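Chemist: Below you'll find start-v5.tsv; it's TSV, C-alpha atoms and all ligand atoms.
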```tsv
chain	number	residue	atom	x	y	z
A	1068	MET	CA	2.80	-55.52	8.05
A	1069	LYS	CA	4.00	-52.35	6.34
A	1070	GLN	CA	1.32	-49.67	6.12
A	1071	ASN	CA	1.47	-47.04	3.45
A	1072	ASP	CA	0.21	-43.54	4.06
A	1073	ASP	CA	-2.97	-43.96	2.01
A	1074	GLU	CA	-4.28	-46.43	4.50
A	1075	LEU	CA	-3.25	-44.49	7.56
A	1076	GLU	CA	-6.13	-42.88	9.47
A	1077	ASP	CA	-6.38	-39.09	9.12
A	1078	VAL	CA	-5.92	-38.63	12.84
A	1079	LEU	CA	-2.51	-40.33	12.67
A	1080	GLN	CA	-1.30	-38.47	9.57
A	1081	PRO	CA	0.36	-35.60	11.48
A	1082	MET	CA	2.48	-38.07	13.47
A	1083	ALA	CA	3.51	-39.99	10.36
A	1084	TRP	CA	4.37	-36.73	8.56
A	1085	HIS	CA	6.64	-35.82	11.45
A	1086	GLY	CA	8.54	-39.05	11.47
A	1087	VAL	CA	6.64	-41.82	13.22
A	1088	ASP	CA	6.92	-44.95	11.07
A	1089	PHE	CA	3.71	-46.77	11.90
A	1090	THR	CA	4.96	-50.19	10.83
A	1091	SER	CA	2.47	-52.44	12.59
A	1092	THR	CA	-1.12	-52.69	13.70
A	1093	SER	CA	-2.48	-54.33	16.80
A	1094	GLY	CA	-6.25	-54.11	17.26
A	1095	ASN	CA	-7.30	-50.48	17.47
A	1096	GLN	CA	-3.68	-49.35	17.83
A	1097	ARG	CA	-0.85	-48.74	15.43
A	1098	TYR	CA	2.71	-48.71	16.60
A	1099	GLY	CA	6.12	-47.62	15.39
A	1100	THR	CA	9.34	-45.96	16.47
A	1101	CYS	CA	9.20	-43.36	19.23
A	1102	PRO	CA	10.62	-40.01	18.02
A	1103	TRP	CA	12.05	-39.34	21.49
A	1104	CYS	CA	13.67	-42.59	22.62
A	1105	GLY	CA	14.00	-44.31	19.26
A	1106	LYS	CA	12.49	-47.57	20.56
A	1107	PRO	CA	9.77	-49.33	18.49
A	1108	LYS	CA	7.19	-48.99	21.26
A	1109	PHE	CA	5.26	-45.88	20.23
A	1110	TYR	CA	1.53	-46.76	20.26
A	1111	ALA	CA	-1.30	-44.60	18.90
A	1112	ASN	CA	-5.05	-45.17	18.91
A	1113	ARG	CA	-6.48	-45.36	15.36
A	1114	LYS	CA	-9.67	-43.51	16.32
A	1115	THR	CA	-8.64	-40.92	18.89
A	1116	GLY	CA	-4.97	-40.42	18.07
A	1117	LEU	CA	-4.09	-40.73	21.77
A	1118	TRP	CA	-0.52	-42.00	21.94
A	1119	ASP	CA	2.04	-43.23	24.39
A	1120	CYS	CA	5.52	-44.73	24.41
A	1121	LYS	CA	5.84	-47.90	26.47
A	1122	VAL	CA	9.56	-47.23	26.97
A	1123	CYS	CA	10.04	-43.56	27.81
A	1124	GLY	CA	6.51	-43.13	29.16
A	1125	VAL	CA	5.55	-39.92	27.34
A	1126	ASN	CA	1.96	-39.70	26.10
A	1127	GLY	CA	-0.73	-37.30	24.98
A	1128	ASN	CA	-3.15	-36.32	22.23
A	1129	VAL	CA	-2.28	-35.26	18.69
A	1130	SER	CA	-1.92	-31.58	19.59
A	1131	GLN	CA	0.42	-32.50	22.43
A	1132	PHE	CA	2.45	-34.61	19.99
A	1133	LEU	CA	2.86	-31.59	17.71
A	1134	GLU	CA	3.68	-29.30	20.67
A	1135	ARG	CA	6.30	-31.71	21.92
A	1136	MET	CA	7.86	-32.17	18.47
A	1137	PHE	CA	8.02	-28.43	18.00
A	1138	ASP	CA	9.39	-27.58	21.44
A	1139	GLU	CA	11.84	-30.46	21.77
A	1140	VAL	CA	12.94	-31.16	18.22
A	1141	TYR	CA	12.19	-28.35	15.77
A	1142	ARG	CA	12.69	-25.25	17.90
A	1143	PRO	CA	16.16	-26.36	19.13
A	1144	GLY	CA	16.92	-27.33	15.51
A	1145	TYR	CA	16.39	-23.73	14.40
A	1146	THR	CA	19.99	-22.63	14.92
A	1147	ASP	CA	21.95	-19.56	13.82
A	1148	ALA	CA	23.13	-21.52	10.79
A	1149	SER	CA	19.61	-22.39	9.64
A	1150	ARG	CA	18.53	-18.79	10.31
A	1151	ARG	CA	21.36	-17.44	8.15
A	1152	ALA	CA	20.69	-19.95	5.36
A	1153	PHE	CA	17.05	-18.85	5.14
A	1154	ALA	CA	17.97	-15.15	5.22
A	1155	GLU	CA	20.54	-15.56	2.47
A	1156	HIS	CA	18.33	-17.66	0.25
A	1157	TYR	CA	15.44	-15.20	0.37
A	1158	LYS	CA	17.62	-12.06	0.65
A	1159	LEU	CA	16.04	-11.16	3.97
A	1160	PRO	CA	17.61	-9.22	6.85
A	1161	LEU	CA	18.52	-11.44	9.82
A	1162	GLU	CA	16.14	-9.42	12.04
A	1163	ALA	CA	13.29	-10.94	10.04
A	1164	LEU	CA	14.18	-14.36	11.43
A	1165	GLN	CA	14.94	-13.53	15.05
A	1166	ASP	CA	12.53	-14.40	17.89
A	1167	VAL	CA	10.25	-15.83	15.29
A	1168	ASP	CA	7.82	-18.72	15.77
A	1169	LEU	CA	9.78	-21.08	13.55
A	1170	GLY	CA	11.58	-24.42	13.79
A	1171	TYR	CA	13.88	-26.58	11.71
A	1172	GLY	CA	14.00	-30.33	11.12
A	1173	ASP	CA	14.45	-33.13	8.59
A	1174	ARG	CA	11.90	-31.66	6.19
A	1175	GLY	CA	13.27	-28.13	6.42
A	1176	TYR	CA	11.80	-25.09	8.15
A	1177	VAL	CA	8.76	-25.77	10.32
A	1178	PHE	CA	5.87	-23.30	10.63
A	1179	PRO	CA	3.54	-23.97	13.55
A	1180	ILE	CA	-0.12	-23.28	12.79
A	1181	ARG	CA	-1.86	-22.37	16.04
A	1182	ASP	CA	-5.54	-22.17	16.95
A	1183	PRO	CA	-6.94	-19.10	18.75
A	1184	LYS	CA	-6.05	-20.73	22.08
A	1185	ASP	CA	-2.44	-20.91	20.89
A	1186	ARG	CA	-2.46	-24.71	20.58
A	1187	ILE	CA	-0.54	-26.11	17.63
A	1188	VAL	CA	-2.95	-27.75	15.18
A	1189	ASN	CA	-0.52	-28.31	12.34
A	1190	LEU	CA	3.19	-28.05	11.56
A	1191	ARG	CA	3.83	-27.09	7.94
A	1192	THR	CA	7.28	-27.51	6.47
A	1193	LYS	CA	9.29	-25.75	3.81
A	1194	ALA	CA	12.61	-26.58	2.18
A	1195	LEU	CA	14.55	-23.61	0.77
A	1196	GLY	CA	13.26	-22.67	-2.67
A	1197	LYS	CA	10.28	-25.01	-2.37
A	1198	ASN	CA	6.61	-24.47	-1.59
A	1199	THR	CA	5.36	-24.96	1.94
A	1200	LEU	CA	4.05	-28.47	2.48
A	1201	GLY	CA	2.06	-30.24	5.09
A	1202	THR	CA	-0.30	-33.02	5.81
A	1203	LYS	CA	-3.74	-32.84	7.29
A	1204	GLY	CA	-3.57	-31.29	10.73
A	1205	ILE	CA	-5.95	-31.65	13.62
A	1206	GLY	CA	-9.56	-31.73	12.45
A	1207	GLY	CA	-8.41	-32.51	8.89
A	1208	ALA	CA	-7.34	-28.95	8.11
A	1209	ASP	CA	-4.30	-28.92	5.86
A	1210	LEU	CA	-3.93	-25.15	5.66
A	1211	GLY	CA	-3.80	-22.49	8.30
A	1212	LEU	CA	-2.69	-19.01	9.25
A	1213	TRP	CA	0.85	-18.71	10.46
A	1214	CYS	CA	1.83	-15.79	12.67
A	1215	ALA	CA	5.52	-14.94	12.73
A	1216	ASP	CA	5.07	-13.16	16.03
A	1217	ASP	CA	3.93	-14.13	19.47
A	1218	VAL	CA	0.20	-13.45	19.18
A	1219	LYS	CA	-0.28	-13.67	22.94
A	1220	ALA	CA	1.97	-10.64	23.29
A	1221	THR	CA	0.11	-8.67	20.64
A	1222	GLU	CA	-2.72	-6.41	21.69
A	1223	LEU	CA	-5.84	-5.24	19.97
A	1224	SER	CA	-4.19	-1.94	19.18
A	1225	VAL	CA	-1.40	-3.64	17.25
A	1226	HIS	CA	-1.43	-3.56	13.47
A	1227	HIS	CA	-1.79	-6.92	11.78
A	1228	PHE	CA	-0.17	-7.42	8.37
A	1229	LEU	CA	-1.56	-10.23	6.19
A	1230	CYS	CA	0.81	-11.49	3.51
A	1231	GLU	CA	0.65	-14.11	0.78
A	1232	GLY	CA	2.96	-16.82	2.10
A	1233	GLU	CA	5.67	-17.09	4.73
A	1234	THR	CA	8.54	-15.45	2.87
A	1235	ASP	CA	6.51	-12.32	2.18
A	1236	ALA	CA	5.48	-12.24	5.83
A	1237	LEU	CA	9.11	-12.52	6.92
A	1238	ALA	CA	10.20	-9.77	4.53
A	1239	VAL	CA	7.60	-7.42	6.03
A	1240	ARG	CA	8.58	-8.49	9.52
A	1241	GLY	CA	12.26	-7.72	8.83
A	1242	LYS	CA	11.35	-4.24	7.62
A	1243	LEU	CA	9.08	-3.51	10.61
A	1244	ARG	CA	11.75	-4.61	13.06
A	1245	ARG	CA	14.42	-2.59	11.33
A	1246	LEU	CA	12.16	0.47	11.52
A	1247	LYS	CA	11.16	-0.43	15.11
A	1248	LYS	CA	7.50	-0.37	14.19
A	1249	PRO	CA	5.04	-2.55	16.11
A	1250	GLY	CA	2.91	-5.13	14.34
A	1251	ALA	CA	2.07	-8.80	14.04
A	1252	VAL	CA	2.79	-10.37	10.67
A	1253	TRP	CA	0.74	-13.27	9.32
A	1254	SER	CA	1.05	-15.61	6.39
A	1255	VAL	CA	-2.16	-16.51	4.56
A	1256	PRO	CA	-1.65	-19.79	2.64
A	1257	GLY	CA	-3.05	-18.35	-0.61
A	1258	ALA	CA	-4.73	-15.13	-1.76
A	1259	THR	CA	-8.12	-16.85	-1.89
A	1260	SER	CA	-7.54	-19.34	0.94
A	1261	PHE	CA	-8.91	-17.54	3.96
A	1262	ASP	CA	-11.28	-19.61	6.02
A	1263	GLU	CA	-14.28	-17.69	7.35
A	1264	ALA	CA	-13.49	-19.03	10.83
A	1265	TRP	CA	-10.13	-17.23	10.82
A	1266	ALA	CA	-11.74	-13.79	10.63
A	1267	GLU	CA	-12.63	-13.80	14.34
A	1268	ARG	CA	-8.92	-13.55	15.16
A	1269	PHE	CA	-8.97	-10.04	13.77
A	1270	ARG	CA	-12.15	-8.70	15.36
A	1271	GLY	CA	-11.56	-5.12	16.47
A	1272	CYS	CA	-8.01	-5.03	15.07
A	1273	ALA	CA	-6.29	-2.89	12.47
A	1274	VAL	CA	-5.60	-5.18	9.51
A	1275	HIS	CA	-3.49	-4.47	6.44
A	1276	VAL	CA	-3.61	-6.84	3.47
A	1277	LEU	CA	-0.39	-6.90	1.44
A	1278	PHE	CA	-1.14	-9.26	-1.43
A	1279	ASP	CA	0.78	-9.61	-4.70
A	1280	ASN	CA	0.65	-7.21	-7.61
A	1281	ASP	CA	-1.00	-9.78	-9.85
A	1282	GLU	CA	-4.41	-11.11	-10.76
A	1283	GLY	CA	-4.47	-13.59	-7.86
A	1284	GLY	CA	-3.65	-10.83	-5.41
A	1285	VAL	CA	-6.40	-8.60	-6.82
A	1286	ARG	CA	-8.95	-11.41	-6.39
A	1287	GLY	CA	-7.59	-12.08	-2.92
A	1288	ASP	CA	-8.34	-8.48	-1.89
A	1289	GLY	CA	-12.02	-8.94	-2.70
A	1290	TYR	CA	-12.00	-12.27	-0.92
A	1291	LEU	CA	-10.54	-10.83	2.29
A	1292	HIS	CA	-12.72	-7.74	2.08
A	1293	ARG	CA	-15.78	-9.97	2.23
A	1294	ARG	CA	-14.45	-11.84	5.26
A	1295	LEU	CA	-12.96	-8.98	7.28
A	1296	HIS	CA	-15.04	-5.91	6.43
A	1297	GLY	CA	-17.00	-4.99	9.55
A	1298	VAL	CA	-14.94	-7.44	11.62
A	1299	ALA	CA	-11.63	-5.58	11.62
A	1300	LYS	CA	-11.71	-2.11	13.15
A	1301	GLU	CA	-9.55	-0.80	10.33
A	1302	LEU	CA	-8.98	-2.62	7.04
A	1303	THR	CA	-6.64	-1.53	4.27
A	1304	PHE	CA	-5.33	-3.13	1.09
A	1305	LEU	CA	-2.06	-2.60	-0.70
A	1306	SER	CA	-3.07	-0.91	-3.93
A	1307	TRP	CA	0.13	-1.22	-5.95
A	1308	SER	CA	1.52	1.58	-8.09
A	1309	ASP	CA	0.87	0.90	-11.78
A	1310	ASP	CA	4.61	1.27	-12.40
A	1311	GLU	CA	5.49	-1.18	-15.21
A	1312	GLU	CA	8.54	-2.41	-13.32
A	1313	MET	CA	6.45	-3.69	-10.41
A	1314	GLN	CA	4.00	-5.81	-12.40
A	1315	GLY	CA	3.83	-9.25	-10.83
A	1316	TRP	CA	5.81	-8.29	-7.73
A	1317	ASP	CA	5.13	-9.43	-4.22
A	1318	VAL	CA	6.08	-7.44	-1.11
A	1319	ARG	CA	9.34	-9.36	-0.77
A	1320	ASP	CA	10.30	-8.36	-4.34
A	1321	TYR	CA	9.62	-4.77	-3.38
A	1322	LEU	CA	11.43	-4.77	-0.05
A	1323	THR	CA	14.48	-6.78	-1.13
A	1324	ARG	CA	15.11	-4.20	-3.85
A	1325	GLY	CA	15.65	-1.65	-1.11
A	1326	LYS	CA	12.50	0.30	-1.85
A	1327	ALA	CA	10.96	2.50	0.83
A	1328	TRP	CA	8.42	1.19	3.32
A	1329	SER	CA	6.84	4.65	3.58
A	1330	ARG	CA	6.06	4.60	-0.14
A	1331	LEU	CA	4.43	1.18	0.19
A	1332	VAL	CA	2.35	2.44	3.11
A	1333	SER	CA	1.22	5.42	1.02
A	1334	TRP	CA	-0.47	2.90	-1.29
A	1335	PHE	CA	-2.60	1.41	1.50
A	1336	SER	CA	-6.24	1.99	0.65
A	1337	SER	CA	-9.47	1.16	2.41
A	1338	GLU	CA	-10.81	0.12	-1.00
A	1339	PRO	CA	-9.81	-3.38	-2.12
A	1340	ARG	CA	-8.53	-3.65	-5.70
A	1341	SER	CA	-11.54	-5.87	-6.45
A	1342	HIS	CA	-14.89	-6.45	-4.87
A	1343	SER	CA	-16.46	-9.82	-4.76
A	1344	ASP	CA	-20.01	-10.24	-3.70
A	1345	ASP	CA	-22.39	-13.14	-3.36
A	1346	THR	CA	-22.61	-13.56	-7.12
A	1347	ASP	CA	-19.01	-14.73	-7.37
A	1348	GLU	CA	-17.72	-18.22	-7.96
A	1349	LEU	CA	-18.62	-19.40	-4.47
A	1350	ALA	CA	-22.30	-18.94	-5.24
A	1351	ASP	CA	-22.05	-21.69	-7.84
A	1352	LEU	CA	-20.82	-24.10	-5.20
A	1353	ARG	CA	-23.79	-23.68	-2.89
A	1354	PRO	CA	-26.12	-26.68	-2.93
A	1355	GLU	CA	-29.39	-26.26	-4.80
A	1356	PRO	CA	-32.40	-26.23	-2.42
A	1357	PHE	CA	-34.15	-29.61	-2.49
A	1358	ASP	CA	-37.51	-28.17	-3.61
A	1359	ALA	CA	-35.87	-26.42	-6.55
A	1360	PHE	CA	-34.18	-29.70	-7.49
A	1361	VAL	CA	-37.53	-31.57	-7.47
A	1362	ASP	CA	-39.19	-28.83	-9.54
A	1363	ARG	CA	-36.38	-28.98	-12.05
A	1364	LEU	CA	-36.72	-32.74	-12.46
A	1365	ALA	CA	-40.51	-32.48	-12.83
A	1366	ASP	CA	-40.11	-30.20	-15.84
A	1367	THR	CA	-40.20	-32.57	-18.81
A	1368	THR	CA	-40.22	-29.98	-21.61
A	1369	ARG	CA	-37.38	-30.41	-24.06
A	1370	PRO	CA	-35.89	-27.76	-26.30
A	1371	PRO	CA	-36.65	-28.30	-30.02
A	1372	ASP	CA	-34.04	-30.15	-32.09
A	1373	LEU	CA	-31.36	-28.02	-33.72
A	1374	ILE	CA	-31.89	-30.18	-36.83
A	1375	THR	CA	-35.10	-32.22	-36.74
A	1376	ASP	CA	-34.48	-35.90	-35.95
A	1377	LEU	CA	-30.73	-35.40	-36.35
A	1378	VAL	CA	-29.22	-32.99	-33.79
A	1379	PRO	CA	-31.07	-32.67	-30.46
A	1380	GLY	CA	-31.42	-29.28	-28.80
A	1381	GLN	CA	-29.62	-30.37	-25.64
A	1382	GLY	CA	-26.65	-32.53	-24.69
A	1383	ILE	CA	-23.68	-33.41	-26.86
A	1384	THR	CA	-23.91	-34.85	-30.38
A	1385	LEU	CA	-20.93	-36.86	-31.53
A	1386	VAL	CA	-20.49	-37.87	-35.17
A	1387	HIS	CA	-18.63	-41.18	-35.38
A	1388	SER	CA	-17.78	-43.63	-38.14
A	1389	GLN	CA	-14.85	-45.25	-39.95
A	1390	PRO	CA	-12.04	-43.02	-41.28
A	1391	ARG	CA	-12.55	-41.41	-44.72
A	1392	THR	CA	-16.35	-41.56	-44.58
A	1393	HIS	CA	-16.84	-37.76	-44.76
A	1394	LYS	CA	-17.45	-36.97	-41.10
A	1395	THR	CA	-15.95	-33.50	-41.56
A	1396	TRP	CA	-18.31	-32.83	-44.48
A	1397	VAL	CA	-21.24	-33.92	-42.33
A	1398	MET	CA	-20.21	-31.57	-39.52
A	1399	LEU	CA	-19.86	-28.67	-41.96
A	1400	GLU	CA	-23.28	-29.47	-43.43
A	1401	PHE	CA	-24.74	-29.36	-39.90
A	1402	ALA	CA	-23.08	-25.99	-39.34
A	1403	VAL	CA	-24.31	-24.52	-42.62
A	1404	ALA	CA	-27.85	-25.82	-42.13
A	1405	ILE	CA	-28.09	-24.43	-38.58
A	1406	THR	CA	-26.62	-20.98	-39.35
A	1407	SER	CA	-28.67	-20.57	-42.52
A	1408	GLY	CA	-31.87	-22.12	-41.15
A	1409	THR	CA	-32.15	-24.38	-44.23
A	1410	ASP	CA	-32.86	-28.13	-44.39
A	1411	ALA	CA	-29.85	-30.33	-43.76
A	1412	PHE	CA	-28.75	-32.47	-46.75
A	1413	GLY	CA	-31.59	-30.87	-48.74
A	1414	SER	CA	-34.00	-33.22	-46.94
A	1415	PRO	CA	-37.43	-31.94	-45.78
A	1416	LYS	CA	-37.18	-34.52	-42.95
A	1417	HIS	CA	-34.27	-32.57	-41.47
A	1418	THR	CA	-35.59	-29.04	-41.10
A	1419	VAL	CA	-33.96	-26.41	-38.91
A	1420	PRO	CA	-36.69	-24.84	-36.72
A	1421	THR	CA	-34.61	-21.80	-35.79
A	1422	ALA	CA	-31.37	-20.53	-37.30
A	1423	LYS	CA	-28.60	-20.21	-34.70
A	1424	ARG	CA	-25.02	-19.07	-34.53
A	1425	VAL	CA	-22.43	-21.83	-34.83
A	1426	TRP	CA	-18.88	-21.81	-33.54
A	1427	TYR	CA	-16.73	-24.09	-35.66
A	1428	LEU	CA	-13.44	-25.24	-34.12
A	1429	THR	CA	-10.90	-27.22	-36.09
A	1430	GLU	CA	-7.45	-28.32	-35.07
A	1431	GLU	CA	-6.33	-29.85	-38.36
A	1432	ASP	CA	-7.71	-28.36	-41.60
A	1433	PRO	CA	-6.23	-25.16	-43.10
A	1434	PRO	CA	-8.68	-22.22	-43.44
A	1435	THR	CA	-8.54	-22.27	-47.26
A	1436	GLU	CA	-9.69	-25.91	-47.32
A	1437	ILE	CA	-12.63	-25.13	-45.04
A	1438	ARG	CA	-13.55	-22.07	-47.10
A	1439	ASP	CA	-13.65	-24.22	-50.29
A	1440	ARG	CA	-15.85	-26.81	-48.64
A	1441	LEU	CA	-18.23	-24.19	-47.25
A	1442	THR	CA	-18.43	-22.56	-50.69
A	1443	ALA	CA	-19.35	-25.93	-52.21
A	1444	LEU	CA	-22.05	-26.57	-49.59
A	1445	LEU	CA	-23.52	-23.10	-50.05
A	1446	ALA	CA	-23.51	-23.50	-53.85
A	1447	GLY	CA	-26.00	-26.32	-53.40
A	1448	ARG	CA	-28.35	-23.90	-51.61
A	1449	ASN	CA	-29.31	-21.83	-54.66
A	1450	ASP	CA	-28.83	-18.13	-54.08
A	1451	GLU	CA	-26.97	-18.21	-50.71
B	1501	ZN	ZN	9.86	-43.40	23.74
```
Represent the supplied structure as structure tokens.
Ligand SMILES: [Zn+2]

Modeler:
Amino acid sequence: MKQNDDELEDVLQPMAWHGVDFTSTSGNQRYGTCPWCGKPKFYANRKTGLWDCKVCGVNGNVSQFLERMFDEVYRPGYTDASRRAFAEHYKLPLEALQDVDLGYGDRGYVFPIRDPKDRIVNLRTKALGKNTLGTKGIGGADLGLWCADDVKATELSVHHFLCEGETDALAVRGKLRRLKKPGAVWSVPGATSFDEAWAERFRGCAVHVLFDNDEGGVRGDGYLHRRLHGVAKELTFLSWSDDEEMQGWDVRDYLTRGKAWSRLVSWFSSEPRSHSDDTDELADLRPEPFDAFVDRLADTTRPPDLITDLVPGQGITLVHSQPRTHKTWVMLEFAVAITSGTDAFGSPKHTVPTAKRVWYLTEEDPPTEIRDRLTALLAGRNDE
């Protein structure tokens, strides 16, 4: 029976993404075509992801599958031709793409995401001109930090450069190599996608954040400041010049226009362009303590009606009826009554306890029409 990806267990997703066609199920196993021998005898456990090929005899866990794909398929696929194509497309120097932790395969360029023990936990892919894509990796993570350089070879004293995306990271890497400056270059998947767990990688290191000259980059600075301040030994942020020309640029835009690295470095600042503290958007996502939730439900007081027995003081009130039955007039009457604090429809049953400001939004009537209607409604209220 053909299985589509929605039904495939998370643990098997990385194998399917990298070419295993799980066509059949047998008990707690799925099987498909082996990526190495091409025979339809590749079995994988639906719970553990442990796999083996009954023909060529290779086997392992999910991480070992990714390692093997990278070492035996993608890394050899990353040839001079694919290196040149990437460099040309993104206007990068070839040095940027030499001795880099990168592969190439059916889905394009392959970026291995490694855990702190250097095991591959995900392989993200990118076609030229397209965004980087991937499926859930090991442990369900679909994003990760990519380091262009061999992290094992880097030492604590080395400078770490954090960029927004792989092409920015490669542009910085090309420049550093051309200038023969040491440093490990990393790609962060998004300015505000930096998992707290990743911070430990940078404990005691010198870290430089080179995010975009745009609103997202500014927010990202605050985000990384919160995660890395006090963890990194040295932490700086690229505080862009306010030069009009550079609005919206990323570091690749800057470097591919032949602008000087030394000038960029002169804009490094220990102050992030924005600060975010515990009152930011994340605070809203924290679960409410259970006791507070119970207290809130126990409170049965209701706010007074906006218009007595007509418009409640909480929730949403929707006026509905057949077309041409004066719904718009009714809404305007509500608005006038509430702003002026006068009875709605001249009825003492529909008093307004407290006058309030009203924001009237209309997507169809011209302002002159609304003005005439409001004038008519106010005329009925004596001296207003
Ligand atoms: Zn096989």

Chemist: Could I get the residues of chain A with an atom no further than 6 Å from an atom of ligand ZN 1501 (chain B), each paired with its nearest atom pair and that distance in Å to one decimal, using all atoms listed in the file, sorted by chain and residue number, as a tab-separated table?

Modeler:
```
residue	atom	partner	partner_atom	distance
A:Cys1101	CA	B:ZN1501	ZN	4.6
A:Trp1103	CA	B:ZN1501	ZN	5.1
A:Cys1104	CA	B:ZN1501	ZN	4.1
A:Lys1106	CA	B:ZN1501	ZN	5.9
A:Cys1120	CA	B:ZN1501	ZN	4.6
A:Val1122	CA	B:ZN1501	ZN	5.0
A:Cys1123	CA	B:ZN1501	ZN	4.1
```

Chemist: Measuring atom to atom with all atoms listed in the file, identify which of A:Ser1306, A:Asp1439, A:Gly1287, A:Pro1160 is nearest to Ser1336 in chain A.

Modeler: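 Checking each of A:Ser1306, A:Asp1439, A:Gly1287, A:Pro1160 against Ser1336 in chain A, counting all atoms listed in the file, the winner is A:Ser1306.
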
Chemist: Set the distance at 8 Å and use all atoms listed in the file: which residues neighbour Gln1314 in chain A once local chain neighbours fewer than 3 positions away are removed? I'd like the list as a ChimeraX atom specification.

Modeler: /A:1280-1281,1309-1311

Chemist: Residues of the last selection are to be written out with C-alpha atoms, as a CSV table (one decimal), keeping the file's coordinate frame.

Modeler:
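What follows is the written file selection_38.csv:
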```csv
chain,number,residue,atom,x,y,z
A,1280,ASN,CA,0.6,-7.2,-7.6
A,1281,ASP,CA,-1.0,-9.8,-9.8
A,1309,ASP,CA,0.9,0.9,-11.8
A,1310,ASP,CA,4.6,1.3,-12.4
A,1311,GLU,CA,5.5,-1.2,-15.2
```

Chemist: Measure the distance from CA of Gly1116 in chain A to CA of Leu1079 in chain A in Å and round it to one decimal.

Modeler: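 CA of Leu1079 in chain A lies at a distance of 5.9 Å from CA of Gly1116 in chain A.
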
Chemist: Can you list, as a PDB file with C-alpha atoms, keeping the file's coordinate frame, every protein, DNA or RNA residue that comes within 8 Å of Leu1200 in chain A when you count all atoms listed in the file, leaving out same-chain residues fewer than 5 positions away?

Modeler:
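Just written: selection-v1.pdb:
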```pdb
ATOM      1  CA  ARG A1191       3.830 -27.090   7.940  1.00  0.00           C
ATOM      2  CA  THR A1192       7.280 -27.510   6.470  1.00  0.00           C
ATOM      3  CA  LYS A1193       9.290 -25.750   3.810  1.00  0.00           C
TER       4      LYS A1193
END
```

Chemist: Please produce range 1381-1395 of chain A, completed to N, CA and C atoms, as an mmCIF file, keeping the file's coordinate frame.

Modeler:
```
data_model
loop_
_atom_site.group_PDB
_atom_site.id
_atom_site.type_symbol
_atom_site.label_atom_id
_atom_site.label_comp_id
_atom_site.auth_asym_id
_atom_site.auth_seq_id
_atom_site.Cartn_x
_atom_site.Cartn_y
_atom_site.Cartn_z
ATOM 1 N N GLN A 1381 -30.381 -30.386 -26.889
ATOM 2 C CA GLN A 1381 -29.620 -30.370 -25.640
ATOM 3 C C GLN A 1381 -28.621 -31.525 -25.654
ATOM 4 N N GLY A 1382 -27.648 -31.463 -24.780
ATOM 5 C CA GLY A 1382 -26.650 -32.530 -24.690
ATOM 6 C C GLY A 1382 -25.557 -32.373 -25.735
ATOM 7 N N ILE A 1383 -24.815 -33.433 -25.941
ATOM 8 C CA ILE A 1383 -23.680 -33.410 -26.860
ATOM 9 C C ILE A 1383 -23.948 -34.399 -27.993
ATOM 10 N N THR A 1384 -23.765 -33.957 -29.230
ATOM 11 C CA THR A 1384 -23.910 -34.850 -30.380
ATOM 12 C C THR A 1384 -22.532 -35.167 -30.927
ATOM 13 N N LEU A 1385 -22.247 -36.434 -31.066
ATOM 14 C CA LEU A 1385 -20.930 -36.860 -31.530
ATOM 15 C C LEU A 1385 -21.105 -37.622 -32.842
ATOM 16 N N VAL A 1386 -20.420 -37.165 -33.893
ATOM 17 C CA VAL A 1386 -20.490 -37.870 -35.170
ATOM 18 C C VAL A 1386 -19.359 -38.899 -35.190
ATOM 19 N N HIS A 1387 -19.699 -40.171 -35.370
ATOM 20 C CA HIS A 1387 -18.630 -41.180 -35.380
ATOM 21 C C HIS A 1387 -18.829 -42.172 -36.504
ATOM 22 N N SER A 1388 -17.736 -42.591 -37.093
ATOM 23 C CA SER A 1388 -17.780 -43.630 -38.140
ATOM 24 C C SER A 1388 -16.350 -43.966 -38.522
ATOM 25 N N GLN A 1389 -16.183 -44.860 -39.487
ATOM 26 C CA GLN A 1389 -14.850 -45.250 -39.950
ATOM 27 C C GLN A 1389 -14.119 -44.040 -40.542
ATOM 28 N N PRO A 1390 -12.785 -44.105 -40.620
ATOM 29 C CA PRO A 1390 -12.040 -43.020 -41.280
ATOM 30 C C PRO A 1390 -12.465 -42.901 -42.749
ATOM 31 N N ARG A 1391 -12.294 -41.711 -43.316
ATOM 32 C CA ARG A 1391 -12.550 -41.410 -44.720
ATOM 33 C C ARG A 1391 -14.012 -41.644 -45.115
ATOM 34 N N THR A 1392 -14.939 -41.417 -44.201
ATOM 35 C CA THR A 1392 -16.350 -41.560 -44.580
ATOM 36 C C THR A 1392 -17.062 -40.213 -44.502
ATOM 37 N N HIS A 1393 -16.293 -39.123 -44.626
ATOM 38 C CA HIS A 1393 -16.840 -37.760 -44.760
ATOM 39 C C HIS A 1393 -17.484 -37.199 -43.497
ATOM 40 N N LYS A 1394 -16.921 -37.544 -42.350
ATOM 41 C CA LYS A 1394 -17.450 -36.970 -41.100
ATOM 42 C C LYS A 1394 -17.316 -35.455 -41.079
ATOM 43 N N THR A 1395 -16.178 -34.948 -41.574
ATOM 44 C CA THR A 1395 -15.950 -33.500 -41.560
ATOM 45 C C THR A 1395 -16.977 -32.792 -42.436
#
```
